[in-house]
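Have a look at data_28.tsv; it's TSV, C-alpha atoms and all ligand atoms:
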chain	number	residue	atom	x	y	z
L	1	MET	CA	93.54	66.59	92.57
L	2	GLY	CA	92.49	68.37	89.39
L	3	TRP	CA	91.23	71.83	90.31
L	4	THR	CA	89.71	72.87	87.00
L	5	LYS	CA	85.90	72.52	87.09
L	6	LYS	CA	86.05	71.28	90.68
L	7	HIS	CA	82.97	71.99	92.81
L	8	ILE	CA	83.75	73.38	96.27
L	9	ILE	CA	80.98	71.94	98.44
L	10	SER	CA	82.38	70.71	101.75
L	11	ILE	CA	85.75	71.19	103.41
L	12	LYS	CA	85.60	67.46	104.15
L	13	ASP	CA	86.23	66.85	100.44
L	14	PHE	CA	89.72	68.38	100.88
L	15	SER	CA	92.84	66.67	102.18
L	16	ARG	CA	95.32	68.57	104.32
L	17	GLU	CA	97.63	68.87	101.29
L	18	GLU	CA	94.82	70.39	99.24
L	19	ILE	CA	93.96	72.88	101.99
L	20	ASP	CA	97.62	73.85	102.34
L	21	PHE	CA	97.84	74.25	98.57
L	22	VAL	CA	94.90	76.70	98.55
L	23	LEU	CA	96.49	78.65	101.41
L	24	ARG	CA	99.78	78.89	99.48
L	25	LYS	CA	98.01	79.97	96.29
L	26	SER	CA	96.01	82.55	98.29
L	27	SER	CA	99.23	84.03	99.56
L	28	GLU	CA	100.62	84.22	95.99
L	29	MET	CA	97.35	85.81	94.91
L	30	GLU	CA	97.56	88.40	97.67
L	31	LYS	CA	101.00	89.46	96.38
L	32	LYS	CA	99.67	89.63	92.81
L	33	LEU	CA	96.66	91.64	93.98
L	34	ASN	CA	98.83	94.11	95.88
L	35	SER	CA	101.20	94.61	92.97
L	36	GLY	CA	98.41	95.05	90.41
L	37	ARG	CA	99.24	91.84	88.53
L	38	ALA	CA	95.90	90.10	89.04
L	39	SER	CA	93.59	92.50	87.29
L	40	SER	CA	93.05	90.66	84.02
L	41	LEU	CA	93.30	86.99	85.02
L	42	MET	CA	89.54	86.43	84.67
L	43	ARG	CA	88.87	88.87	81.85
L	44	GLY	CA	85.86	87.77	79.78
L	45	ARG	CA	84.49	85.42	82.45
L	46	ILE	CA	81.30	85.69	84.47
L	47	LEU	CA	80.56	84.65	88.06
L	48	ALA	CA	76.91	84.04	89.03
L	49	THR	CA	76.00	84.64	92.68
L	50	LEU	CA	72.76	82.90	93.68
L	51	PHE	CA	71.91	83.94	97.23
L	52	PHE	CA	68.74	82.47	98.73
L	53	GLU	CA	69.76	83.66	102.23
L	54	PRO	CA	71.04	87.00	103.56
L	55	SER	CA	74.73	87.76	103.11
L	56	THR	CA	77.02	90.76	103.19
L	57	ARG	CA	80.57	89.39	103.19
L	58	THR	CA	80.33	86.18	101.24
L	59	ARG	CA	78.43	87.64	98.31
L	60	MET	CA	80.24	90.98	98.21
L	61	SER	CA	83.68	89.46	98.63
L	62	PHE	CA	83.06	86.95	95.83
L	63	GLU	CA	81.87	89.79	93.62
L	64	THR	CA	84.85	91.92	94.60
L	65	ALA	CA	87.22	89.00	94.01
L	66	MET	CA	85.80	88.43	90.52
L	67	LYS	CA	85.97	92.13	89.65
L	68	ARG	CA	89.54	92.46	90.99
L	69	LEU	CA	90.39	89.65	88.57
L	70	GLY	CA	88.88	91.59	85.66
L	71	GLY	CA	85.77	89.37	85.47
L	72	LYS	CA	82.08	90.27	85.68
L	73	THR	CA	79.22	89.14	87.92
L	74	VAL	CA	75.49	88.45	87.60
L	75	GLY	CA	73.07	87.13	90.19
L	76	PHE	CA	70.53	87.89	92.87
L	77	PRO	CA	71.10	88.82	96.53
L	78	PHE	CA	67.86	87.33	97.92
L	79	SER	CA	65.46	84.69	96.72
L	80	GLU	CA	62.31	86.86	96.61
L	81	ILE	CA	63.49	88.41	93.33
L	82	SER	CA	64.44	85.09	91.75
L	83	SER	CA	62.10	82.57	90.15
L	84	GLU	CA	62.29	80.49	93.33
L	85	ALA	CA	59.44	82.80	94.40
L	86	LYS	CA	57.43	81.32	91.52
L	87	GLY	CA	58.26	77.76	92.53
L	88	GLU	CA	61.34	77.03	90.42
L	89	THR	CA	63.59	74.24	91.73
L	90	ILE	CA	67.29	74.75	92.51
L	91	ALA	CA	68.08	72.15	89.85
L	92	ASP	CA	66.35	74.20	87.16
L	93	THR	CA	67.81	77.50	88.37
L	94	VAL	CA	71.41	76.29	88.22
L	95	ARG	CA	70.93	74.60	84.83
L	96	VAL	CA	69.68	77.89	83.44
L	97	VAL	CA	72.51	79.85	85.05
L	98	GLU	CA	75.04	77.41	83.62
L	99	GLY	CA	74.05	78.80	80.23
L	100	TYR	CA	74.94	82.34	81.37
L	101	ALA	CA	78.04	82.09	83.56
L	102	ASP	CA	81.40	80.31	83.96
L	103	VAL	CA	81.25	79.68	87.72
L	104	ILE	CA	78.48	79.75	90.35
L	105	VAL	CA	78.42	80.62	94.06
L	106	ILE	CA	75.26	79.54	95.83
L	107	ARG	CA	73.95	80.11	99.36
L	108	HIS	CA	70.80	78.37	100.49
L	109	PRO	CA	69.10	77.68	103.85
L	110	VAL	CA	68.71	73.95	103.18
L	111	GLU	CA	71.55	71.60	104.15
L	112	GLY	CA	72.79	69.62	101.17
L	113	SER	CA	71.43	72.12	98.63
L	114	ALA	CA	74.86	73.02	97.21
L	115	ARG	CA	75.76	69.35	96.72
L	116	LEU	CA	72.43	68.76	95.00
L	117	ALA	CA	72.86	71.81	92.76
L	118	SER	CA	76.39	70.71	91.78
L	119	GLU	CA	75.00	67.45	90.40
L	120	TYR	CA	73.14	69.37	87.70
L	121	VAL	CA	75.96	71.47	86.26
L	122	ASP	CA	79.33	71.01	84.58
L	123	ILE	CA	80.67	74.46	85.42
L	124	PRO	CA	82.28	74.75	88.89
L	125	LEU	CA	79.87	75.46	91.72
L	126	ILE	CA	80.98	76.87	95.07
L	127	ASN	CA	79.01	76.51	98.30
L	128	GLY	CA	78.60	79.90	99.99
L	129	GLY	CA	76.83	78.26	102.96
L	130	ASP	CA	74.12	75.57	103.08
L	131	GLY	CA	71.97	75.81	106.20
L	132	ALA	CA	73.82	74.76	109.35
L	133	ASN	CA	76.04	72.42	107.37
L	134	GLN	CA	79.11	73.83	105.60
L	135	HIS	CA	80.80	77.08	104.60
L	136	PRO	CA	84.05	75.89	103.04
L	137	THR	CA	85.35	79.19	101.64
L	138	GLN	CA	84.88	80.86	105.03
L	139	THR	CA	87.01	78.10	106.53
L	140	LEU	CA	89.76	78.63	103.97
L	141	LEU	CA	89.89	82.33	104.78
L	142	ASP	CA	89.81	81.53	108.50
L	143	LEU	CA	92.78	79.18	108.14
L	144	TYR	CA	94.54	81.73	105.93
L	145	THR	CA	94.12	84.34	108.68
L	146	ILE	CA	95.52	81.96	111.32
L	147	LYS	CA	98.47	80.96	109.13
L	148	LYS	CA	99.24	84.57	108.25
L	149	LYS	CA	99.45	85.47	111.91
L	150	PHE	CA	101.26	82.42	113.34
L	151	GLY	CA	103.03	81.08	110.24
L	152	LYS	CA	101.50	77.67	111.02
L	153	ILE	CA	98.36	75.91	112.21
L	154	ASP	CA	99.97	72.91	113.93
L	155	GLY	CA	100.64	73.34	117.62
L	156	LEU	CA	97.95	75.95	118.24
L	157	ASP	CA	95.37	75.94	121.01
L	158	ILE	CA	92.06	77.01	119.46
L	159	ALA	CA	88.91	78.00	121.37
L	160	ILE	CA	85.64	78.04	119.45
L	161	VAL	CA	82.89	79.93	121.23
L	162	GLY	CA	79.13	80.34	120.80
L	163	ASP	CA	76.63	78.47	118.66
L	164	LEU	CA	78.40	75.21	117.90
L	165	LYS	CA	75.17	73.42	117.07
L	166	TYR	CA	73.81	75.55	114.23
L	167	GLY	CA	76.92	77.47	113.11
L	168	ARG	CA	78.09	76.25	109.71
L	169	THR	CA	81.35	78.21	109.93
L	170	VAL	CA	82.38	76.28	113.04
L	171	HIS	CA	81.34	72.96	111.52
L	172	SER	CA	83.52	73.53	108.46
L	173	LEU	CA	86.37	74.93	110.55
L	174	THR	CA	86.32	71.97	112.93
L	175	ASN	CA	86.33	69.50	110.02
L	176	ALA	CA	89.36	71.27	108.55
L	177	LEU	CA	91.24	71.48	111.86
L	178	ALA	CA	90.87	67.71	112.25
L	179	ASN	CA	93.73	67.54	109.68
L	180	TYR	CA	96.13	69.47	111.92
L	181	ASP	CA	97.93	68.88	115.17
L	182	VAL	CA	95.84	71.32	117.26
L	183	LYS	CA	94.19	71.44	120.66
L	184	LEU	CA	90.50	72.35	120.53
L	185	ARG	CA	88.26	73.89	123.16
L	186	PHE	CA	84.53	74.13	122.47
L	187	ILE	CA	82.74	76.71	124.61
L	188	SER	CA	78.95	76.81	124.33
L	189	PRO	CA	75.70	76.69	126.27
L	190	GLN	CA	74.59	73.11	126.95
L	191	GLU	CA	71.86	73.43	124.27
L	192	LEU	CA	74.30	74.51	121.57
L	193	LYS	CA	77.10	71.96	121.88
L	194	MET	CA	79.10	70.72	118.91
L	195	PRO	CA	77.27	67.75	117.27
L	196	ARG	CA	78.40	64.47	118.85
L	197	HIS	CA	79.52	62.90	115.59
L	198	MET	CA	81.94	65.78	115.01
L	199	VAL	CA	83.47	65.39	118.47
L	200	LYS	CA	83.80	61.63	117.84
L	201	ASP	CA	85.56	62.26	114.51
L	202	LEU	CA	88.07	64.51	116.28
L	203	GLU	CA	88.70	61.90	118.95
L	204	GLY	CA	89.24	59.36	116.15
L	205	ASN	CA	91.90	61.70	114.74
L	206	LYS	CA	93.52	61.95	118.22
L	207	ILE	CA	92.78	65.68	118.51
L	208	PRO	CA	92.49	66.72	122.18
L	209	VAL	CA	89.04	68.27	122.71
L	210	LYS	CA	87.67	70.03	125.79
L	211	GLU	CA	84.01	71.05	126.01
L	212	THR	CA	82.93	73.64	128.57
L	213	ARG	CA	80.22	76.18	129.27
L	214	LYS	CA	82.55	78.58	131.00
L	215	LEU	CA	84.32	81.20	128.91
L	216	ASN	CA	87.80	80.08	129.91
L	217	LEU	CA	90.26	81.40	127.34
L	218	ASP	CA	93.51	80.86	129.28
L	219	ASP	CA	96.36	79.72	127.02
L	220	ALA	CA	94.27	79.92	123.83
L	221	ASP	CA	96.15	81.15	120.74
L	222	VAL	CA	93.01	81.64	118.66
L	223	ILE	CA	89.58	82.57	119.96
L	224	TYR	CA	86.91	82.07	117.31
L	225	ALA	CA	83.67	83.69	118.48
L	226	THR	CA	80.35	83.16	116.68
L	227	ARG	CA	76.84	84.52	116.55
L	228	ILE	CA	73.95	82.51	118.00
L	229	GLN	CA	72.15	81.50	114.77
L	230	LYS	CA	68.69	82.86	115.64
L	231	GLU	CA	67.19	81.97	112.24
L	232	ARG	CA	67.93	78.25	112.70
L	233	PHE	CA	66.13	77.77	116.05
L	234	PRO	CA	62.94	75.74	115.70
L	235	ASP	CA	61.74	77.28	118.99
L	236	PRO	CA	62.11	81.08	119.46
L	237	GLN	CA	61.95	80.63	123.26
L	238	GLU	CA	65.04	78.48	123.16
L	239	TYR	CA	66.83	81.34	121.40
L	240	GLU	CA	65.69	83.76	124.11
L	241	ARG	CA	67.26	81.46	126.74
L	242	VAL	CA	70.70	81.35	125.15
L	243	LYS	CA	71.09	84.72	123.43
L	244	GLY	CA	73.86	86.87	124.83
L	245	ALA	CA	75.44	83.78	126.45
L	246	TYR	CA	78.98	85.08	125.84
L	247	VAL	CA	80.28	88.58	125.51
L	248	ILE	CA	83.98	89.19	124.98
L	249	ASP	CA	84.84	92.60	126.39
L	250	LEU	CA	87.87	94.50	127.69
L	251	LYS	CA	87.74	92.51	130.92
L	252	THR	CA	87.80	89.17	129.07
L	253	ILE	CA	90.81	90.09	126.97
L	254	GLU	CA	92.87	91.08	130.04
L	255	GLY	CA	93.41	87.38	130.69
L	256	LEU	CA	94.42	86.44	127.14
L	257	LYS	CA	97.82	85.24	126.03
L	258	LYS	CA	99.76	88.25	124.64
L	259	SER	CA	99.98	86.72	121.17
L	260	ALA	CA	96.34	85.52	121.03
L	261	ILE	CA	94.04	86.57	118.22
L	262	LEU	CA	90.32	87.10	118.33
L	263	MET	CA	88.40	86.01	115.24
L	264	HIS	CA	84.71	86.07	114.23
L	265	PRO	CA	83.16	85.23	110.84
L	266	LEU	CA	80.82	88.23	111.34
L	267	PRO	CA	78.15	89.52	111.57
L	268	ARG	CA	78.51	89.98	115.32
L	269	VAL	CA	75.42	90.76	117.33
L	270	GLY	CA	76.96	91.54	120.69
L	271	GLU	CA	79.46	88.67	121.10
L	272	ILE	CA	82.44	91.01	120.95
L	273	SER	CA	82.26	94.46	122.48
L	274	PRO	CA	83.25	97.19	119.97
L	275	LYS	CA	85.63	98.41	122.71
L	276	VAL	CA	87.85	95.44	121.85
L	277	ASP	CA	88.14	96.57	118.20
L	278	GLY	CA	91.04	98.91	118.87
L	279	THR	CA	93.13	96.28	120.68
L	280	LYS	CA	95.84	94.14	119.10
L	281	PHE	CA	93.73	91.03	119.67
L	282	ALA	CA	90.99	92.06	117.22
L	283	HIS	CA	91.51	90.23	113.92
L	284	TYR	CA	87.95	89.96	112.59
L	285	PHE	CA	88.09	92.82	110.09
L	286	GLU	CA	91.44	91.64	108.78
L	287	GLN	CA	89.90	88.14	108.61
L	288	SER	CA	87.02	89.34	106.46
L	289	LYS	CA	89.44	91.25	104.20
L	290	ASN	CA	91.43	88.04	103.71
L	291	GLY	CA	88.34	86.65	101.97
L	292	ILE	CA	89.35	88.59	98.85
L	293	PRO	CA	92.69	86.92	97.96
L	294	VAL	CA	91.41	83.52	99.10
L	295	ARG	CA	88.29	83.74	96.91
L	296	MET	CA	90.32	85.18	94.02
L	297	ALA	CA	92.65	82.17	94.23
L	298	LEU	CA	89.74	79.72	94.39
L	299	LEU	CA	87.96	81.30	91.42
L	300	CYS	CA	91.12	81.01	89.31
L	301	LEU	CA	91.77	77.45	90.42
L	302	VAL	CA	88.30	76.13	89.62
L	303	CYS	CA	88.17	78.04	86.34
L	304	GLY	CA	91.54	76.64	85.26
L	305	VAL	CA	93.23	80.04	85.16
L	306	LYS	CA	96.98	79.78	85.87
L	307	PHE	CA	98.57	82.33	88.19
T	1	LIG	C1	78.44	83.47	108.50
T	1	LIG	C2	77.45	82.60	107.76
T	1	LIG	O1	76.72	83.07	106.90
T	1	LIG	O2	77.46	81.41	108.07
T	1	LIG	N1	78.67	84.69	107.87
T	1	LIG	C3	79.65	84.74	106.91
T	1	LIG	O3	79.54	84.15	105.86
T	1	LIG	N2	80.77	85.42	107.21
T	1	LIG	C4	78.25	83.57	109.95
T	1	LIG	C5	76.90	83.93	110.50
T	1	LIG	O4	75.96	84.24	109.77
T	1	LIG	O5	76.81	83.97	111.73

Entire entry expressed as structure tokens:
Amino acid sequence: MGWTKKHIISIKDFSREEIDFVLRKSSEMEKKLNSGRASSLMRGRILATLFFEPSTRTRMSFETAMKRLGGKTVGFPFSEISSEAKGETIADTVRVVEGYADVIVIRHPVEGSARLASEYVDIPLINGGDGANQHPTQTLLDLYTIKKKFGKIDGLDIAIVGDLKYGRTVHSLTNALANYDVKLRFISPQELKMPRHMVKDLEGNKIPVKETRKLNLDDADVIYATRIQKERFPDPQEYERVKGAYVIDLKTIEGLKKSAILMHPLPRVGEISPKVDGTKFAHYFEQSKNGIPVRMALLCLVCGVKF
């Protein structure tokens, strides 16, 4: 696939070879970053970050990635200060921003908004999360974290815990894992199960899937915990019923495989006790740090910058 000017909208648009390619390039980028050889790759270019929904990591890590590459950033961190507040459409906003920047990252609460926006611009546009749908760059950094730890993705037993209905990170991650030879375990309250069509797709790909309510993490190599997505519940009472459904604490980790890793896209709101942070299982801060080389590599790839 040609990477220059490619929009990054859904992980489903990527083949396994393409995902593996990004992971390899991210690893090369990490070496360049650590040896100070990445700092002028994007000199003279501008990244626009259009965030219509709250974000700490995705926006800041894209901005950091661009600045570490010697580029500059413009944008807005919440929609109230953009012209959306005056009624401007996404289509108009991105067409205007195309005149200012070389690459766009957009986050929006509406599913499909990034795809729609990409149809109006010729510069590459990256989805930083569209509603409960997709978060492809999070998935690439998640896979990068797994590969860095285990040297592979095939053969792993992966437990995904929490809000599997509304969590876009777990939707993207599950789509990506469908390309690998993994065992999947989905742990969620009954109300927050993985959408049926996604489970069917996995079965079609012959991926063994177990769905349970019980937090059984025996034999898991990767535990991917997630936040219950309060803002996406149509009914606040339903949220009250399921909040705090799973808490991973020192007692939980006693039963884990010695080599297991505990991941979380963050922010956490009680799913993992801070007491676990000091243990060898905790990988979530390392995971979020891995967002920098992965996003640096992606920015260079879509902007046609060789490295
Ligand atoms: C996630 C998101 O925005 O989907 N955060 C992130 O980008 N790391 C997860 C979440 O908000 O729960």

Given all atoms listed in the file, how would the per-residue table for chain L near ligand LIG 1 (chain T) read, listing every residue at most 8 Å away with its closest atom pair and distance in Å to one decimal, sorted by chain and number, as CSV?
residue,atom,partner,partner_atom,distance
L:Pro54,CA,T:LIG1,O1,7.7
L:Ser55,CA,T:LIG1,O1,6.3
L:Thr56,CA,T:LIG1,C3,7.5
L:Arg57,CA,T:LIG1,N2,5.7
L:Thr58,CA,T:LIG1,O3,5.1
L:Gly128,CA,T:LIG1,O3,7.3
L:Gly129,CA,T:LIG1,O2,6.0
L:Ala132,CA,T:LIG1,O2,7.7
L:His135,CA,T:LIG1,O2,6.5
L:Gln138,CA,T:LIG1,O3,6.3
L:Gly167,CA,T:LIG1,O2,6.4
L:Arg168,CA,T:LIG1,O2,5.5
L:Thr169,CA,T:LIG1,O2,5.4
L:Thr226,CA,T:LIG1,O5,6.1
L:Arg227,CA,T:LIG1,O5,4.9
L:Ile228,CA,T:LIG1,O5,7.0
L:Gln229,CA,T:LIG1,O5,6.1
L:Pro265,CA,T:LIG1,N2,4.4
L:Leu266,CA,T:LIG1,N2,5.0
L:Pro267,CA,T:LIG1,O5,5.7
L:Arg268,CA,T:LIG1,O5,7.2
L:Ser288,CA,T:LIG1,N2,7.4

Open item on the list: Just the number, please: distance in Å from CA of Leu47 in chain L to CA of Tyr100 in chain L, one decimal.
Closed with: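 Rounded to one decimal, the two atoms are 9.0 Å apart.
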
TODO: Compile the contact shell of Leu250 in chain L as a ChimeraX atom specification: residues with an atom at most 10 Å away, counting all atoms listed in the file, same-chain residues fewer than 4 positions apart removed.
DONE: /L:254-255,272-277,279

Quick one: everything within 10 Å of Gly71 in chain L, counting all atoms listed in the file, minus sequence neighbours fewer than 4 positions away in the same chain. Send it as a PDB file with C-alpha atoms, in the coordinates of the input.
ATOM      1  CA  SER L  39      93.590  92.500  87.290  1.00  0.00           C
ATOM      2  CA  SER L  40      93.050  90.660  84.020  1.00  0.00           C
ATOM      3  CA  LEU L  41      93.300  86.990  85.020  1.00  0.00           C
ATOM      4  CA  MET L  42      89.540  86.430  84.670  1.00  0.00           C
ATOM      5  CA  ARG L  43      88.870  88.870  81.850  1.00  0.00           C
ATOM      6  CA  GLY L  44      85.860  87.770  79.780  1.00  0.00           C
ATOM      7  CA  ARG L  45      84.490  85.420  82.450  1.00  0.00           C
ATOM      8  CA  ILE L  46      81.300  85.690  84.470  1.00  0.00           C
ATOM      9  CA  LEU L  47      80.560  84.650  88.060  1.00  0.00           C
ATOM     10  CA  GLU L  63      81.870  89.790  93.620  1.00  0.00           C
ATOM     11  CA  THR L  64      84.850  91.920  94.600  1.00  0.00           C
ATOM     12  CA  ALA L  65      87.220  89.000  94.010  1.00  0.00           C
ATOM     13  CA  MET L  66      85.800  88.430  90.520  1.00  0.00           C
ATOM     14  CA  LYS L  67      85.970  92.130  89.650  1.00  0.00           C
TER      15      LYS L  67
END

TODO: Fewer than 4 positions away in the same chain doesn't count, so skip those; otherwise give me all residues within 8 Å of Leu299 in chain L, counting all atoms listed in the file, as a list of chain:residue names.
DONE: L:Met66, L:Val103, L:Arg295, L:Cys303

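For the choices L:Glu88, L:Glu98, L:Glu80, L:Asp221, the atom-to-atom distance to Gly155 in chain L is smallest for L:Asp221 when using all atoms listed in the file.
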
Open item on the list: Residues within 7 Å of Glu111 in chain L, please, as a ChimeraX atom specification. Count all atoms listed in the file; anything in the same chain fewer than 3 positions from it doesn't count.
Closed with: /L:130-133

Task: Nearest to Phe14 in chain L by atom-to-atom distance, counting all atoms listed in the file, from L:Leu177, L:Glu240, L:Asp142, L:Ser27 - done: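 Result for the nearest residue to Phe14 in chain L: L:Leu177.
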
TODO: Would you mind reading off the distance between CA of Val105 in chain L and CA of Gly2 in chain L, one decimal, in Å?
DONE: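 Result for CA of Val105 in chain L versus CA of Gly2 in chain L: 19.2 Å, one decimal.
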
Task: All residues 6 Å or closer to range 180-187 of chain L, all atoms listed in the file, same chain fewer than 5 positions away omitted, as a VMD selection string - done: chain L and resid 154 to 161 208 to 213

Let me see the file: selected residues, C-alpha atoms, as a PDB file, keeping the file's coordinate frame.
ATOM      1  CA  ASP L 154      99.970  72.910 113.930  1.00  0.00           C
ATOM      2  CA  GLY L 155     100.640  73.340 117.620  1.00  0.00           C
ATOM      3  CA  LEU L 156      97.950  75.950 118.240  1.00  0.00           C
ATOM      4  CA  ASP L 157      95.370  75.940 121.010  1.00  0.00           C
ATOM      5  CA  ILE L 158      92.060  77.010 119.460  1.00  0.00           C
ATOM      6  CA  ALA L 159      88.910  78.000 121.370  1.00  0.00           C
ATOM      7  CA  ILE L 160      85.640  78.040 119.450  1.00  0.00           C
ATOM      8  CA  VAL L 161      82.890  79.930 121.230  1.00  0.00           C
ATOM      9  CA  PRO L 208      92.490  66.720 122.180  1.00  0.00           C
ATOM     10  CA  VAL L 209      89.040  68.270 122.710  1.00  0.00           C
ATOM     11  CA  LYS L 210      87.670  70.030 125.790  1.00  0.00           C
ATOM     12  CA  GLU L 211      84.010  71.050 126.010  1.00  0.00           C
ATOM     13  CA  THR L 212      82.930  73.640 128.570  1.00  0.00           C
ATOM     14  CA  ARG L 213      80.220  76.180 129.270  1.00  0.00           C
TER      15      ARG L 213
END

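Relative to CA of Gln134 in chain L, CA of Gly112 in chain L is found at 8.8 Å.
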
Task: Residue nearest Leu256 in chain L among L:Asn216, L:Thr174, L:Thr139, L:Gln190 (counting only C-alpha atoms) - done: L:Asn216

Task: Answer as a list in words, residues within 12 Å of (82.2, 66.2, 83.8) using all atoms listed in the file - done: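 Every residue inside that radius is included here: Gly2, Thr4, Lys5, Lys6, His7, Ser118, Glu119, Tyr120, Val121, Asp122, Ile123 and Pro124 of chain L.
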
Open item on the list: So, with all atoms listed in the file as the atoms that count, which of L:Cys300, L:Ile153, L:Ile146, L:Leu140 lies closest to Leu173 in chain L?
Closed with: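 The answer is L:Leu140, which sits nearest to Leu173 in chain L.
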
Draw an axis-aligned box tight on the listed atoms of range 194-200 of chain L, then pad every side by 3 Å and write out centre and edge lengths in Å to one decimal as AutoDock Vina command-line options.
--center_x 80.5 --center_y 66.2 --center_z 117.0 --size_x 12.5 --size_y 15.1 --size_z 9.9

Task: Counting only C-alpha atoms, the option among L:Leu298, L:Ile106, L:Ala38, L:Ile253 closest to Pro77 in chain L - done: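 When distances to Pro77 in chain L are compared using only C-alpha atoms, the smallest one comes from L:Ile106.
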
Open item on the list: Using all atoms listed in the file for the distances, tell me which of L:Asp20, L:Arg95, L:Lys257, L:Leu301 is nearest to Lys152 in chain L.
Closed with: L:Asp20

TODO: Scan for residues within 9 Å of the point (90.6, 77.8, 97.5) in the coordinates of the file, using all atoms listed in the file, and reply as a VMD selection string.
DONE: chain L and resid 8 18 to 19 21 to 23 25 to 26 136 to 137 140 to 141 294 to 302
